[in-house]
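For reference, work.txt (compact mmCIF, C-alpha atoms and all ligand atoms):
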# COMPACT_ATOMS: atom_id res chain seq x y z
CA MET A 1 -18.99 -61.89 -67.20
CA LEU A 2 -17.88 -58.34 -67.66
CA ALA A 3 -16.82 -57.15 -71.11
CA ALA A 4 -13.84 -54.89 -71.75
CA SER A 5 -16.26 -52.00 -72.24
CA ASP A 6 -17.79 -52.66 -68.78
CA LEU A 7 -14.34 -52.56 -67.24
CA ALA A 8 -13.51 -49.28 -68.99
CA GLU A 9 -16.73 -47.75 -67.63
CA LEU A 10 -15.97 -49.04 -64.14
CA ILE A 11 -12.48 -47.56 -64.21
CA ALA A 12 -13.95 -44.23 -65.34
CA PHE A 13 -16.47 -44.47 -62.47
CA ARG A 14 -13.64 -45.11 -59.96
CA HIS A 15 -11.78 -42.08 -61.25
CA ALA A 16 -14.92 -39.93 -60.98
CA LEU A 17 -15.37 -40.99 -57.33
CA HIS A 18 -11.68 -40.29 -56.73
CA ARG A 19 -12.00 -36.72 -58.04
CA GLN A 20 -14.89 -35.89 -55.69
CA PRO A 21 -14.00 -37.41 -52.30
CA GLU A 22 -16.24 -36.82 -49.28
CA VAL A 23 -15.27 -37.41 -45.65
CA SER A 24 -17.08 -39.68 -43.18
CA GLY A 25 -20.71 -38.69 -42.61
CA HIS A 26 -20.80 -36.36 -45.62
CA GLU A 27 -21.02 -38.87 -48.49
CA ALA A 28 -24.28 -37.53 -50.01
CA GLN A 29 -22.88 -36.92 -53.49
CA THR A 30 -20.96 -40.23 -53.52
CA ALA A 31 -24.18 -42.07 -52.60
CA ARG A 32 -26.01 -40.30 -55.44
CA ALA A 33 -23.22 -41.25 -57.87
CA VAL A 34 -23.53 -44.91 -56.82
CA LEU A 35 -27.33 -44.83 -57.28
CA ALA A 36 -26.97 -43.26 -60.72
CA PHE A 37 -24.32 -45.72 -61.93
CA THR A 38 -26.26 -48.77 -60.70
CA ALA A 39 -29.75 -47.61 -61.81
CA ASP A 40 -29.57 -49.80 -64.97
CA SER A 41 -29.24 -52.92 -62.85
CA GLN A 42 -32.80 -52.35 -61.54
CA PRO A 43 -32.39 -53.74 -58.02
CA ASP A 44 -35.49 -55.34 -56.49
CA ASP A 45 -35.14 -53.15 -53.39
CA ARG A 46 -33.12 -50.03 -52.81
CA LEU A 47 -32.51 -48.59 -49.33
CA THR A 48 -31.03 -45.11 -49.17
CA ASP A 49 -29.84 -42.95 -46.24
CA LEU A 50 -29.11 -46.13 -44.32
CA GLY A 51 -27.22 -45.31 -41.11
CA GLY A 52 -26.35 -41.94 -42.64
CA HIS A 53 -25.66 -41.82 -46.39
CA GLY A 54 -25.54 -45.62 -46.79
CA VAL A 55 -27.05 -47.36 -49.84
CA ALA A 56 -28.17 -50.99 -49.98
CA LEU A 57 -29.16 -52.61 -53.31
CA VAL A 58 -31.02 -55.91 -53.11
CA TYR A 59 -31.17 -58.53 -55.91
CA ARG A 60 -33.53 -61.48 -55.32
CA GLY A 61 -33.47 -65.04 -56.59
CA THR A 62 -36.67 -66.90 -57.43
CA THR A 63 -36.44 -69.52 -54.67
CA PRO A 64 -35.80 -69.09 -50.94
CA GLY A 65 -32.21 -69.05 -49.73
CA PRO A 66 -29.72 -67.17 -47.63
CA THR A 67 -28.96 -63.45 -47.76
CA VAL A 68 -25.40 -62.65 -48.85
CA LEU A 69 -24.18 -59.14 -48.07
CA ILE A 70 -21.12 -57.64 -49.77
CA ARG A 71 -19.85 -54.41 -48.25
CA SER A 72 -17.86 -51.44 -49.53
CA GLU A 73 -17.24 -48.03 -47.99
CA LEU A 74 -18.24 -44.61 -49.35
CA ASP A 75 -15.97 -42.30 -47.37
CA ALA A 76 -12.65 -40.61 -48.05
CA LEU A 77 -10.17 -38.94 -45.67
CA PRO A 78 -9.54 -35.38 -44.47
CA ILE A 79 -6.04 -35.50 -46.00
CA ALA A 80 -4.94 -33.39 -48.98
CA GLU A 81 -4.00 -35.59 -51.95
CA LEU A 82 -0.52 -34.95 -53.33
CA SER A 83 -0.52 -36.55 -56.75
CA ASP A 84 -0.07 -35.91 -60.44
CA VAL A 85 -2.65 -38.45 -61.63
CA PRO A 86 -5.30 -36.95 -63.94
CA HIS A 87 -8.07 -38.11 -61.60
CA ARG A 88 -6.56 -36.54 -58.46
CA SER A 89 -8.90 -35.00 -55.88
CA GLN A 90 -10.57 -31.74 -56.80
CA ILE A 91 -11.68 -31.16 -53.20
CA PRO A 92 -9.09 -29.28 -51.11
CA GLY A 93 -7.90 -31.15 -48.03
CA THR A 94 -9.83 -34.32 -48.92
CA GLY A 95 -8.68 -37.49 -50.67
CA HIS A 96 -9.66 -41.09 -51.44
CA LEU A 97 -6.44 -42.33 -49.86
CA CYS A 98 -7.73 -45.61 -48.42
CA GLY A 99 -9.01 -47.02 -51.72
CA HIS A 100 -12.72 -46.96 -50.80
CA ASP A 101 -13.38 -45.58 -54.29
CA GLY A 102 -12.04 -48.89 -55.63
CA HIS A 103 -14.06 -51.03 -53.23
CA SER A 104 -17.28 -49.22 -54.18
CA THR A 105 -16.41 -49.63 -57.87
CA ILE A 106 -16.12 -53.39 -57.35
CA LEU A 107 -19.67 -53.40 -55.91
CA ALA A 108 -20.86 -51.27 -58.83
CA GLY A 109 -19.46 -53.97 -61.15
CA LEU A 110 -21.33 -56.66 -59.20
CA ALA A 111 -24.53 -54.60 -59.57
CA ARG A 112 -24.04 -54.67 -63.32
CA LEU A 113 -23.65 -58.47 -63.35
CA LEU A 114 -26.65 -58.98 -61.04
CA GLY A 115 -28.69 -56.66 -63.24
CA ARG A 116 -28.05 -59.04 -66.15
CA GLN A 117 -28.61 -62.20 -64.15
CA ARG A 118 -30.18 -62.55 -60.72
CA PRO A 119 -29.00 -65.26 -58.31
CA ALA A 120 -31.08 -68.47 -58.54
CA SER A 121 -32.05 -68.35 -54.85
CA GLY A 122 -31.88 -66.12 -51.79
CA ARG A 123 -30.79 -62.50 -52.00
CA VAL A 124 -27.67 -60.47 -52.62
CA VAL A 125 -27.33 -57.18 -50.72
CA LEU A 126 -24.72 -54.75 -52.02
CA LEU A 127 -24.06 -52.42 -49.09
CA PHE A 128 -22.26 -49.14 -49.76
CA GLN A 129 -21.52 -48.22 -46.14
CA PRO A 130 -20.89 -44.67 -44.92
CA ALA A 131 -18.35 -43.44 -42.35
CA GLU A 132 -15.91 -46.34 -42.06
CA GLU A 133 -12.90 -44.17 -41.27
CA ASP A 134 -14.21 -42.91 -37.92
CA GLY A 135 -15.65 -46.27 -36.90
CA SER A 136 -19.24 -45.03 -36.78
CA GLY A 137 -20.71 -46.26 -40.09
CA ALA A 138 -21.13 -50.02 -39.63
CA ALA A 139 -22.64 -49.51 -36.17
CA ALA A 140 -25.05 -46.88 -37.56
CA VAL A 141 -26.11 -49.17 -40.44
CA LEU A 142 -26.70 -52.06 -38.01
CA ALA A 143 -28.67 -49.75 -35.68
CA ASP A 144 -30.89 -48.44 -38.51
CA PRO A 145 -34.35 -50.08 -38.06
CA ARG A 146 -34.43 -50.81 -41.81
CA PHE A 147 -31.37 -53.07 -41.48
CA ALA A 148 -33.86 -55.73 -40.28
CA GLN A 149 -35.07 -55.91 -43.93
CA ILE A 150 -31.62 -57.01 -45.13
CA THR A 151 -30.18 -58.96 -42.18
CA PRO A 152 -27.50 -61.14 -43.78
CA ASP A 153 -26.61 -64.77 -43.22
CA TYR A 154 -23.19 -64.14 -44.76
CA ALA A 155 -21.19 -60.91 -45.01
CA PHE A 156 -18.04 -60.38 -47.08
CA ALA A 157 -15.71 -57.50 -47.79
CA LEU A 158 -12.25 -56.84 -49.14
CA HIS A 159 -9.69 -54.16 -48.45
CA ASN A 160 -6.74 -53.31 -50.65
CA LEU A 161 -3.39 -53.56 -48.88
CA PRO A 162 -0.17 -51.90 -50.06
CA GLY A 163 2.95 -53.92 -49.29
CA LEU A 164 1.50 -57.18 -50.61
CA PRO A 165 2.19 -58.22 -54.22
CA LEU A 166 -0.43 -56.80 -56.59
CA GLY A 167 -3.46 -59.08 -56.87
CA HIS A 168 -2.25 -61.58 -54.26
CA VAL A 169 -4.70 -62.11 -51.41
CA VAL A 170 -4.31 -62.70 -47.69
CA LEU A 171 -7.31 -64.32 -46.03
CA GLU A 172 -7.02 -66.22 -42.75
CA GLN A 173 -9.66 -67.29 -40.30
CA GLY A 174 -9.46 -65.74 -36.83
CA PRO A 175 -8.45 -62.20 -35.83
CA ALA A 176 -8.05 -59.84 -38.80
CA ASN A 177 -8.02 -56.35 -37.25
CA CYS A 178 -7.59 -54.87 -33.78
CA ALA A 179 -10.25 -53.15 -31.71
CA SER A 180 -9.47 -49.49 -31.03
CA VAL A 181 -11.03 -46.48 -29.38
CA GLY A 182 -10.10 -42.85 -28.80
CA LEU A 183 -10.13 -41.51 -25.23
CA LYS A 184 -10.28 -37.77 -24.51
CA LEU A 185 -9.41 -36.76 -20.95
CA ALA A 186 -9.98 -33.22 -19.69
CA LEU A 187 -8.47 -32.09 -16.37
CA THR A 188 -9.92 -28.96 -14.81
CA GLY A 189 -8.44 -27.12 -11.81
CA LYS A 190 -8.20 -23.35 -11.34
CA THR A 191 -6.23 -20.78 -13.29
CA SER A 192 -4.00 -18.38 -11.30
CA HIS A 193 -1.13 -15.85 -11.65
CA ALA A 194 2.15 -17.51 -12.60
CA ALA A 195 3.68 -15.82 -9.53
CA GLU A 196 1.02 -17.40 -7.29
CA PRO A 197 0.44 -20.94 -8.56
CA HIS A 198 -0.56 -21.98 -5.01
CA LYS A 199 -3.70 -19.84 -5.38
CA GLY A 200 -4.87 -22.04 -8.25
CA ILE A 201 -4.88 -25.76 -9.10
CA SER A 202 -2.57 -26.61 -12.01
CA PRO A 203 -2.99 -29.83 -14.01
CA ALA A 204 0.77 -29.91 -14.80
CA GLN A 205 1.68 -32.67 -12.31
CA ALA A 206 -1.29 -34.78 -13.36
CA LEU A 207 -0.37 -34.43 -17.02
CA ALA A 208 3.25 -35.35 -16.23
CA GLN A 209 2.02 -38.54 -14.51
CA LEU A 210 -0.66 -39.44 -17.05
CA ILE A 211 1.67 -39.43 -20.05
CA PRO A 212 3.94 -42.29 -18.88
CA GLY A 213 1.07 -43.87 -16.90
CA LEU A 214 -1.18 -44.32 -19.93
CA MET A 215 1.68 -45.47 -22.14
CA ALA A 216 2.64 -48.11 -19.56
CA LEU A 217 -0.85 -49.65 -19.79
CA GLY A 218 -0.22 -50.81 -23.35
CA GLN A 219 3.23 -51.12 -24.85
CA GLY A 220 2.38 -52.97 -28.05
CA GLY A 221 4.56 -55.92 -29.05
CA ALA A 222 3.44 -59.21 -30.58
CA LEU A 223 -0.19 -59.54 -31.71
CA THR A 224 -1.18 -62.23 -29.20
CA PRO A 225 -4.63 -62.18 -27.55
CA GLU A 226 -3.01 -60.16 -24.73
CA PHE A 227 -1.81 -57.43 -27.13
CA ARG A 228 -2.58 -53.90 -25.97
CA MET A 229 -1.18 -50.60 -27.11
CA VAL A 230 -1.80 -47.03 -25.93
CA THR A 231 -0.74 -44.27 -28.33
CA LEU A 232 -0.80 -40.70 -27.06
CA THR A 233 -2.09 -38.58 -29.93
CA HIS A 234 -2.60 -35.09 -28.45
CA ALA A 235 -1.93 -33.07 -25.30
CA GLN A 236 -2.54 -29.44 -24.45
CA MET A 237 -2.27 -27.38 -21.24
CA GLY A 238 -3.22 -23.80 -20.40
CA ALA A 239 -2.75 -20.84 -22.69
CA PRO A 240 0.50 -20.01 -24.54
CA ALA A 241 1.51 -17.38 -21.94
CA PHE A 242 4.18 -16.86 -19.24
CA GLY A 243 2.03 -14.95 -16.76
CA ILE A 244 -0.58 -17.65 -16.16
CA SER A 245 -0.49 -20.87 -14.17
CA PRO A 246 -2.86 -23.15 -16.11
CA GLY A 247 -6.19 -24.41 -14.84
CA HIS A 248 -7.01 -26.82 -17.65
CA ALA A 249 -5.36 -29.59 -19.67
CA GLU A 250 -6.43 -32.18 -22.21
CA ILE A 251 -4.84 -35.41 -23.23
CA TRP A 252 -6.00 -37.75 -26.00
CA ALA A 253 -4.98 -41.38 -26.40
CA THR A 254 -5.86 -44.23 -28.78
CA LEU A 255 -6.33 -47.59 -27.07
CA ARG A 256 -5.79 -50.73 -29.14
CA THR A 257 -6.28 -54.42 -28.32
CA LEU A 258 -6.71 -57.65 -30.26
CA THR A 259 -9.97 -58.65 -28.56
CA ASP A 260 -13.15 -56.84 -27.49
CA ALA A 261 -12.78 -58.31 -23.97
CA GLY A 262 -9.23 -56.95 -23.82
CA MET A 263 -10.57 -53.55 -24.84
CA ALA A 264 -13.19 -53.53 -22.05
CA ALA A 265 -10.42 -54.18 -19.51
CA LEU A 266 -8.05 -51.58 -20.97
CA ARG A 267 -10.78 -48.92 -21.04
CA ALA A 268 -11.52 -49.52 -17.35
CA GLU A 269 -7.84 -49.41 -16.37
CA ALA A 270 -7.18 -46.18 -18.29
CA LEU A 271 -10.14 -44.45 -16.68
CA THR A 272 -9.26 -45.69 -13.17
CA LEU A 273 -5.70 -44.41 -13.57
CA ALA A 274 -6.89 -41.01 -14.79
CA GLN A 275 -9.41 -40.73 -11.96
CA GLN A 276 -6.82 -41.63 -9.30
CA ILE A 277 -4.33 -39.07 -10.62
CA ALA A 278 -6.96 -36.33 -10.99
CA THR A 279 -8.35 -36.93 -7.49
CA ALA A 280 -4.89 -36.86 -5.90
CA GLN A 281 -4.24 -33.47 -7.53
CA GLY A 282 -7.64 -31.98 -6.65
CA LEU A 283 -8.68 -31.81 -10.31
CA THR A 284 -12.01 -32.54 -11.96
CA LEU A 285 -11.83 -35.23 -14.64
CA ASP A 286 -14.12 -35.42 -17.68
CA HIS A 287 -13.79 -38.09 -20.32
CA SER A 288 -15.36 -39.11 -23.63
CA TRP A 289 -14.89 -42.00 -26.09
CA HIS A 290 -14.49 -41.57 -29.87
CA ASP A 291 -13.86 -43.57 -33.07
CA ASP A 292 -14.99 -46.82 -31.46
CA PHE A 293 -13.98 -49.89 -33.54
CA ALA A 294 -14.81 -53.47 -32.51
CA ALA A 295 -12.25 -56.18 -33.27
CA CYS A 296 -12.67 -57.77 -36.72
CA THR A 297 -12.58 -61.56 -36.74
CA ASN A 298 -12.94 -63.87 -39.75
CA ASP A 299 -15.47 -66.62 -39.11
CA PRO A 300 -14.31 -70.13 -40.23
CA VAL A 301 -17.38 -70.85 -42.40
CA ALA A 302 -17.22 -67.54 -44.28
CA THR A 303 -13.43 -67.74 -44.59
CA GLY A 304 -13.62 -71.25 -46.07
CA LEU A 305 -16.21 -70.18 -48.66
CA PHE A 306 -14.24 -67.04 -49.58
CA ARG A 307 -10.96 -68.95 -49.94
CA ALA A 308 -12.63 -71.54 -52.17
CA ALA A 309 -14.03 -68.76 -54.39
CA LEU A 310 -10.59 -67.14 -54.73
CA MET A 311 -9.01 -70.47 -55.65
CA ALA A 312 -11.74 -71.21 -58.20
CA GLU A 313 -10.95 -67.84 -59.82
CA ASP A 314 -7.19 -68.57 -59.84
CA ILE A 315 -6.57 -65.57 -57.59
CA PRO A 316 -3.36 -66.36 -55.68
CA LEU A 317 -3.66 -66.74 -51.90
CA ILE A 318 -0.53 -66.02 -49.89
CA ALA A 319 0.38 -66.08 -46.21
CA GLY A 320 0.47 -62.59 -44.73
CA ASP A 321 1.28 -60.83 -41.53
CA MET A 322 -2.13 -61.13 -39.88
CA PRO A 323 -3.83 -59.74 -37.88
CA LEU A 324 -3.40 -56.06 -38.70
CA ARG A 325 -2.92 -53.46 -35.98
CA ALA A 326 -5.20 -51.06 -37.82
CA SER A 327 -8.94 -51.22 -37.15
CA GLU A 328 -11.80 -51.91 -39.55
CA ASP A 329 -15.43 -51.46 -38.66
CA PHE A 330 -16.53 -54.40 -40.84
CA GLY A 331 -15.99 -56.44 -37.64
CA ARG A 332 -19.44 -55.32 -36.43
CA PHE A 333 -21.12 -57.43 -39.14
CA GLY A 334 -19.57 -60.51 -37.52
CA ALA A 335 -22.18 -60.21 -34.77
CA ALA A 336 -24.97 -60.50 -37.37
CA ALA A 337 -23.61 -63.00 -39.90
CA HIS A 338 -20.87 -65.42 -40.90
CA ALA A 339 -18.37 -62.73 -41.93
CA ALA A 340 -14.93 -62.63 -43.56
CA MET A 341 -12.73 -59.92 -45.01
CA ALA A 342 -9.90 -60.51 -47.46
CA TYR A 343 -6.86 -58.31 -48.12
CA PHE A 344 -6.02 -57.77 -51.78
CA GLY A 345 -2.39 -56.81 -52.40
CA ALA A 346 -2.02 -53.33 -53.92
CA GLY A 347 1.65 -53.82 -54.83
CA GLU A 348 4.87 -54.07 -52.86
CA HIS A 349 6.26 -50.65 -53.71
CA THR A 350 3.22 -48.39 -53.52
CA PRO A 351 2.58 -45.68 -50.89
CA ALA A 352 0.84 -46.88 -47.72
CA LEU A 353 -2.86 -46.43 -46.95
CA HIS A 354 -3.66 -42.87 -45.80
CA ASN A 355 -0.47 -41.56 -47.43
CA PRO A 356 -1.15 -38.35 -49.40
CA ASP A 357 -0.12 -40.04 -52.69
CA TYR A 358 -2.04 -43.33 -52.35
CA ASP A 359 -4.24 -44.38 -55.28
CA PHE A 360 -6.26 -47.62 -55.53
CA PRO A 361 -4.88 -49.86 -58.33
CA ASP A 362 -7.47 -50.28 -61.10
CA ALA A 363 -5.99 -53.74 -61.72
CA LEU A 364 -7.84 -54.96 -58.59
CA ILE A 365 -11.30 -54.09 -59.89
CA ALA A 366 -11.76 -57.16 -62.12
CA PRO A 367 -10.40 -59.78 -59.65
CA GLY A 368 -12.47 -58.23 -56.84
CA ILE A 369 -15.63 -58.56 -58.90
CA ARG A 370 -14.77 -62.11 -59.98
CA ALA A 371 -14.10 -63.25 -56.40
CA PHE A 372 -17.39 -61.88 -55.01
CA HIS A 373 -19.39 -63.06 -58.04
CA ARG A 374 -18.04 -66.58 -57.58
CA LEU A 375 -18.96 -66.46 -53.89
CA ILE A 376 -22.51 -65.38 -54.74
CA HIS A 377 -22.80 -68.14 -57.32
CA THR A 378 -21.49 -70.76 -54.85
CA LEU A 379 -23.96 -69.74 -52.14
CA LEU A 380 -27.04 -68.84 -54.18
CA GLY A 381 -26.60 -70.56 -57.56
ZN ZN A 401 -8.67 -45.96 -44.02
ZN ZN A 402 -10.15 -48.34 -45.60
Could the structure of this file be written out as structure tokens, please?
Amino acid sequence: MLAASDLAELIAFRHALHRQPEVSGHEAQTARAVLAFTADSQPDDRLTDLGGHGVALVYRGTTPGPTVLIRSELDALPIAELSDVPHRSQIPGTGHLCGHDGHSTILAGLARLLGRQRPASGRVVLLFQPAEEDGSGAAAVLADPRFAQITPDYAFALHNLPGLPLGHVVLEQGPANCASVGLKLALTGKTSHAAEPHKGISPAQALAQLIPGLMALGQGGALTPEFRMVTLTHAQMGAPAFGISPGHAEIWATLRTLTDAGMAALRAEALTLAQQIATAQGLTLDHSWHDDFAACTNDPVATGLFRAALMAEDIPLIAGDMPLRASEDFGRFGAAAHAAMAYFGAGEHTPALHNPDYDFPDALIAPGIRAFHRLIHTLLG
């Protein structure tokens, strides 16, 4: 088990990561910091630049057995941190405001334990994944040809969650996080003089119809399998001028559903609506998809094992408001392995995730390590 001196070093490591946050796709220095901190543990294999700046450390047992993957995230957010803590961000406009510094510290602690004692059988893969926040990282790691070397039988992760009592855990089988995707629509007509709008093609009417039309496709509500929500996030038309009738407009929306099948249907309906409106107005429509998150579902086998490990470690399990509307790209690992993600309470009266003053509670580092270490021991001996 970890000594008090280990824990002090891990907390210092978390604070060092927190001071130097890097946004999705730019986690080169964070990946180097992880490699340096875990070098002592002498992993049997080490994959770097996996799906971007991802790092996978592999620890082998002596007899055959399953591969157990534990995932954390390397990336921070393009949000300025507003905080007085001594370890606040030193990078302008960038902050570790989702607690990924804490998750990666928990994996660094596991590396230390595995460095002292390998599992009896099988393999442990500690995956420090890049680019979670924009939904691209898990897919890129899975698409990397070298992922075949570490294909897991089981995959586990945790996320801290403000609003839940500190150290209490929510873990249910079934849907955990919604699918979501960003849709950019661009409407192009023809610019003209404001006195002669009939000599151009303005997107104004189309925009006026698309705003309520898209919102009507998904009005939110209860998180049943039919749940769908469309959030308009950005709109822009023409130039800021009084003498011009515009010839171009853009509208962005985030589509959200509980299931991947529901997302396929909502995507098709949103595009059909936009195409119908654009065609009726004589406009050209272009579209693109962004920040594509699959739904995240907890498999019953992995959930049962994870719950048993938490109970064995006397970590309190509580009922929570699941699934979450927010998305989480860990869901992609569910296609490759028995996968489950637990939510560790960060305290009832802390700022929310992505708030400018959020800071991962160091008190979650030790229980996070204990829970995963117990899981590894249960599965691999
Ligand atoms: Zn986040
Ligand atoms: Zn996060």
Under the rule of at most 10 Å, produce a per-residue listing of chain A near ligand ZN 401 (chain A): chain, number, name, the closest pair of atoms, and the distance in Å, as a Markdown table, using all atoms listed in the file.
| residue | atom | partner | partner_atom | distance |
| --- | --- | --- | --- | --- |
| A:Glu73 | CA | A:ZN401 | ZN | 9.7 |
| A:Asp75 | CA | A:ZN401 | ZN | 8.8 |
| A:Ala76 | CA | A:ZN401 | ZN | 7.8 |
| A:Leu77 | CA | A:ZN401 | ZN | 7.4 |
| A:His96 | CA | A:ZN401 | ZN | 8.9 |
| A:Leu97 | CA | A:ZN401 | ZN | 7.2 |
| A:Cys98 | CA | A:ZN401 | ZN | 4.5 |
| A:Gly99 | CA | A:ZN401 | ZN | 7.8 |
| A:His100 | CA | A:ZN401 | ZN | 8.0 |
| A:Glu132 | CA | A:ZN401 | ZN | 7.5 |
| A:Glu133 | CA | A:ZN401 | ZN | 5.4 |
| A:Asp134 | CA | A:ZN401 | ZN | 8.8 |
| A:Gly135 | CA | A:ZN401 | ZN | 10.0 |
| A:His159 | CA | A:ZN401 | ZN | 9.4 |
| A:Ala326 | CA | A:ZN401 | ZN | 8.7 |
| A:Ser327 | CA | A:ZN401 | ZN | 8.7 |
| A:Glu328 | CA | A:ZN401 | ZN | 8.1 |
| A:Leu353 | CA | A:ZN401 | ZN | 6.5 |
| A:His354 | CA | A:ZN401 | ZN | 6.1 |
| A:Asn355 | CA | A:ZN401 | ZN | 9.9 |
From the options A:Leu317, A:Cys296, A:Ala111, A:Leu217, which residue's atoms come nearest to Ser180 (chain A), counting all atoms listed in the file? A:Cys296
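Proximity to ligand ZN 402 (chain A) was assessed for A:Gly109, A:Gly25, A:Pro162, A:Gly115 counting only C-alpha atoms and all ligand atoms; the smallest distance is recorded for A:Pro162.
Here the question is which of A:Pro356, A:Gly282, A:Gly345, A:Gly61 gets nearest to Pro119 (chain A) using only C-alpha atoms, and that residue is A:Gly61.
Distance check against Thr48 (chain A) using only C-alpha atoms: of A:Leu82, A:Thr191, A:Ile11, A:Pro130, the minimum falls on A:Pro130.
Residue nearest Asp101 (chain A) within the list A:Leu375, A:Ala346, A:Leu273, A:Ile365: A:Ile365 [criterion: smallest interatomic distance, only C-alpha atoms].
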Just give me the gap between CA of Glu313 (chain A) and CA of Leu110 (chain A) in Å, one decimal is fine. 15.3 Å
List as a ChimeraX atom specification the protein and nucleic acid residues near Glu269 (chain A), meaning an atom at most 10 Å away when only C-alpha atoms are counted, but skip any in the same chain fewer than 6 places from it. /A:214,217,263,275
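Each of A:Leu161, A:Ala339, A:Leu255, A:Ile91 was compared to ligand ZN 402 (chain A) using all atoms listed in the file, and A:Leu161 turns out to be the nearest.
CA of Arg60 (chain A) is found 8.1 Å from CA of Ala120 (chain A).
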